[in-house]
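Peer 1: Structure provided below as structure tokens; questions to follow.
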Amino acid sequence: MIEYLKGTLAELSPALAVVECHGVGYGVNISLNTFSAIQGKQEVKLWISESIREDAYQLWGFSTRAERELFLLLTSVSGIGAGTSRVILSSMTVSELAGVISEGNDKMLKSVKGIGPKAAQRIIVDLRDKIGTLGIEASSPASAQAPAVNKEVMDEAVAALTMLGFSPAPVHKAVVRILTDEPSAPVERVIKLALKML
């Protein structure tokens with residue numbers, strides 16, 4: 001079993017990192033949180049979860065042990081696969097997700113692409129008690145404590161990106177981050193920057 005990979009970051013995209021260890025390049029599926037954490041680094045350490053099926057052998061990598069533990073918990077829920085778990089972990093930070101589950105906030109979970117009402121309820125029921133044992137500091141999602149940003153530009157950018165097929169939760173998070181960094185950015189710039197992040 002691979003516990004973690006430590007090596008040179010050979011290639012990086014928002015969904016995949018290639019980590020070279022002793023001449024071997026490992027293709028590792030990653031979340032947007034991990035992508036943000038390792039972007040710009042040469043040497044990385046990713047905590048690994050292996051997925052072995054008849055037709056595929058996949059590695060899922062995380063910048064923190066806590067994110068990997070959450071991933072393993074999510075994939076233990078009936079009907080939630082590795083791909084869906086990655087989408088959930090890309091939509092919120094580890095502490096936000098811990099907060100959403102412990103507060104029973106199914107509305108926030110349902111805003112994640114691919115999560116319906118039943119799946120959201122299952123995640124909350126199955127994981128609410130287990131979240132506490134991980135010792136993750138729970139926080140409310142960004143939407144509940146969003147910094148003061150230009151609401152008009154934010155709403156317009158979120159609406160445009162949602163129409164393009166992106167899930168509302170990660171879109172909202174990306175737009176808030178952009179407007180926090182560049183408060184006077186026009187809608188077009190916010191959308192262009194968000195497209196690079198999503």
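By convention in this document, the chains of the structure tokens carry letters A, B, ... by their order, each chain's residues are numbered from 1, and ligands are numbered from 1 in the order they are shown.
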Tell me which protein, DNA and RNA residues are within 12 Å of Leu74 in chain A, counting only C-alpha atoms, leaving out same-chain ones fewer than 5 positions away, and put them as a PyMOL selection string.
Peer 2: chain A and resi 67-69+79-89+94+97-98+101+119-120+122-128+130-131
Peer 1: Using only C-alpha atoms, find each residue in range 50-95 of chain A having at least one atom no more than 8 Å away from range 14-33 of chain A; report its shortest atom-to-atom pair and that distance in Å (one decimal), rows by chain then rising number, as a Markdown table.
Peer 2:
```
| residue | atom | partner | partner_atom | distance |
| --- | --- | --- | --- | --- |
| A:Gln58 | CA | A:Val28 | CA | 7.4 |
| A:Leu59 | CA | A:Val28 | CA | 5.0 |
| A:Trp60 | CA | A:Asn29 | CA | 4.6 |
| A:Gly61 | CA | A:Ile30 | CA | 5.3 |
| A:Phe62 | CA | A:Ile30 | CA | 6.4 |
| A:Arg86 | CA | A:Ser31 | CA | 5.5 |
| A:Val87 | CA | A:Ser31 | CA | 7.1 |
| A:Leu89 | CA | A:Ser31 | CA | 6.2 |
| A:Ser90 | CA | A:Leu32 | CA | 4.6 |
| A:Ser91 | CA | A:Leu32 | CA | 7.8 |
| A:Met92 | CA | A:Asn33 | CA | 7.9 |
| A:Thr93 | CA | A:Asn33 | CA | 6.7 |
```
Peer 1: Can you write out the residues you just picked, keeping C-alpha atoms, as a JSON list (two decimals), in the first residue's frame?
Peer 2:
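Saved the output as part28.json:
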```json
[["chain", "number", "residue", "atom", "x", "y", "z"],
["A", 58, "GLN", "CA", -5.87, 4.89, -9.85],
["A", 59, "LEU", "CA", -4.03, 7.02, -7.34],
["A", 60, "TRP", "CA", -5.83, 9.84, -5.53],
["A", 61, "GLY", "CA", -3.54, 12.37, -3.86],
["A", 62, "PHE", "CA", -4.07, 15.03, -1.20],
["A", 86, "ARG", "CA", -13.17, 14.68, -5.49],
["A", 87, "VAL", "CA", -15.86, 17.09, -6.75],
["A", 89, "LEU", "CA", -13.57, 18.19, -1.90],
["A", 90, "SER", "CA", -12.98, 20.63, -4.77],
["A", 91, "SER", "CA", -16.10, 22.59, -3.85],
["A", 92, "MET", "CA", -15.20, 23.27, -0.21],
["A", 93, "THR", "CA", -12.17, 23.31, 2.04]]
```
Peer 1: Give the helix (DSSP H, G or I) residues of range 156-188 of chain A, as assigned by DSSP on the backbone, as a list in words.
Peer 2: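 Output for range 156-188 of chain A, helix (DSSP H, G or I) only: Glu156, Ala157, Val158, Ala159, Ala160, Leu161, Thr162, Met163, Pro168, Ala169, Pro170, Val171, His172, Lys173, Ala174, Val175, Val176, Arg177, Ile178, Leu179, Thr180, Asp181, Val187 and Glu188 of chain A.
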Peer 1: Deliver the residues from the most recent selection as a file, using C-alpha atoms, as a PDB file, in the first residue's frame.
Peer 2:
```pdb
ATOM      1  CA  GLU A 156     -23.414  38.310 -12.559  1.00  0.00           C
ATOM      2  CA  ALA A 157     -20.196  36.255 -12.760  1.00  0.00           C
ATOM      3  CA  VAL A 158     -21.685  33.373 -10.741  1.00  0.00           C
ATOM      4  CA  ALA A 159     -24.809  33.352 -12.963  1.00  0.00           C
ATOM      5  CA  ALA A 160     -22.717  33.341 -16.172  1.00  0.00           C
ATOM      6  CA  LEU A 161     -20.419  30.535 -14.983  1.00  0.00           C
ATOM      7  CA  THR A 162     -23.342  28.460 -13.704  1.00  0.00           C
ATOM      8  CA  MET A 163     -24.973  28.771 -17.148  1.00  0.00           C
ATOM      9  CA  PRO A 168     -22.556  26.796  -8.016  1.00  0.00           C
ATOM     10  CA  ALA A 169     -20.481  26.014  -4.893  1.00  0.00           C
ATOM     11  CA  PRO A 170     -16.986  26.029  -6.492  1.00  0.00           C
ATOM     12  CA  VAL A 171     -18.008  28.909  -8.796  1.00  0.00           C
ATOM     13  CA  HIS A 172     -19.063  31.045  -5.825  1.00  0.00           C
ATOM     14  CA  LYS A 173     -15.836  30.231  -4.003  1.00  0.00           C
ATOM     15  CA  ALA A 174     -13.637  31.090  -7.017  1.00  0.00           C
ATOM     16  CA  VAL A 175     -15.476  34.365  -7.729  1.00  0.00           C
ATOM     17  CA  VAL A 176     -15.265  35.485  -4.078  1.00  0.00           C
ATOM     18  CA  ARG A 177     -11.531  34.686  -4.055  1.00  0.00           C
ATOM     19  CA  ILE A 178     -10.958  36.717  -7.254  1.00  0.00           C
ATOM     20  CA  LEU A 179     -12.977  39.699  -6.024  1.00  0.00           C
ATOM     21  CA  THR A 180     -11.200  39.622  -2.661  1.00  0.00           C
ATOM     22  CA  ASP A 181      -7.856  39.892  -4.510  1.00  0.00           C
ATOM     23  CA  VAL A 187     -17.348  40.962 -14.706  1.00  0.00           C
ATOM     24  CA  GLU A 188     -15.480  39.849 -17.871  1.00  0.00           C
TER      25      GLU A 188
END
```
Peer 1: Mind the document's chain letters and residue numbers, and return as an mmCIF file with N, CA and C atoms, in the first residue's frame the residues of range 58-102 of chain A that DSSP labels strand (DSSP E).
Peer 2:
```cif
data_model
loop_
_atom_site.group_PDB
_atom_site.id
_atom_site.type_symbol
_atom_site.label_atom_id
_atom_site.label_comp_id
_atom_site.auth_asym_id
_atom_site.auth_seq_id
_atom_site.Cartn_x
_atom_site.Cartn_y
_atom_site.Cartn_z
ATOM 1 N N GLN A 58 -5.989 3.437 -9.955
ATOM 2 C CA GLN A 58 -5.873 4.894 -9.853
ATOM 3 C C GLN A 58 -5.288 5.311 -8.513
ATOM 4 N N LEU A 59 -4.555 6.418 -8.566
ATOM 5 C CA LEU A 59 -4.030 7.020 -7.344
ATOM 6 C C LEU A 59 -4.754 8.348 -7.127
ATOM 7 N N TRP A 60 -5.195 8.577 -5.904
ATOM 8 C CA TRP A 60 -5.828 9.841 -5.532
ATOM 9 C C TRP A 60 -4.927 10.488 -4.496
ATOM 10 N N GLY A 61 -4.516 11.735 -4.747
ATOM 11 C CA GLY A 61 -3.543 12.371 -3.861
ATOM 12 C C GLY A 61 -4.071 13.638 -3.210
ATOM 13 N N PHE A 62 -3.587 13.889 -1.986
ATOM 14 C CA PHE A 62 -4.070 15.030 -1.201
ATOM 15 C C PHE A 62 -2.910 15.725 -0.504
#
```
Peer 1: Rounded to one decimal place, report the CA of Ala138 in chain A-CA of Ser111 in chain A distance in Å.
Peer 2: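 Interatomic distance here is 18.9 Å.
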Peer 1: For a test of reading the model, state the distance in Å between CA of Thr133 in chain A and CA of Ser167 in chain A, rounded to one decimal.
Peer 2: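 Pair CA of Thr133 in chain A / CA of Ser167 in chain A returns 29.5 Å.
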Peer 1: In Å, how far is it from CA of Glu11 in chain A to CA of Arg65 in chain A?
Peer 2: 21.7 Å
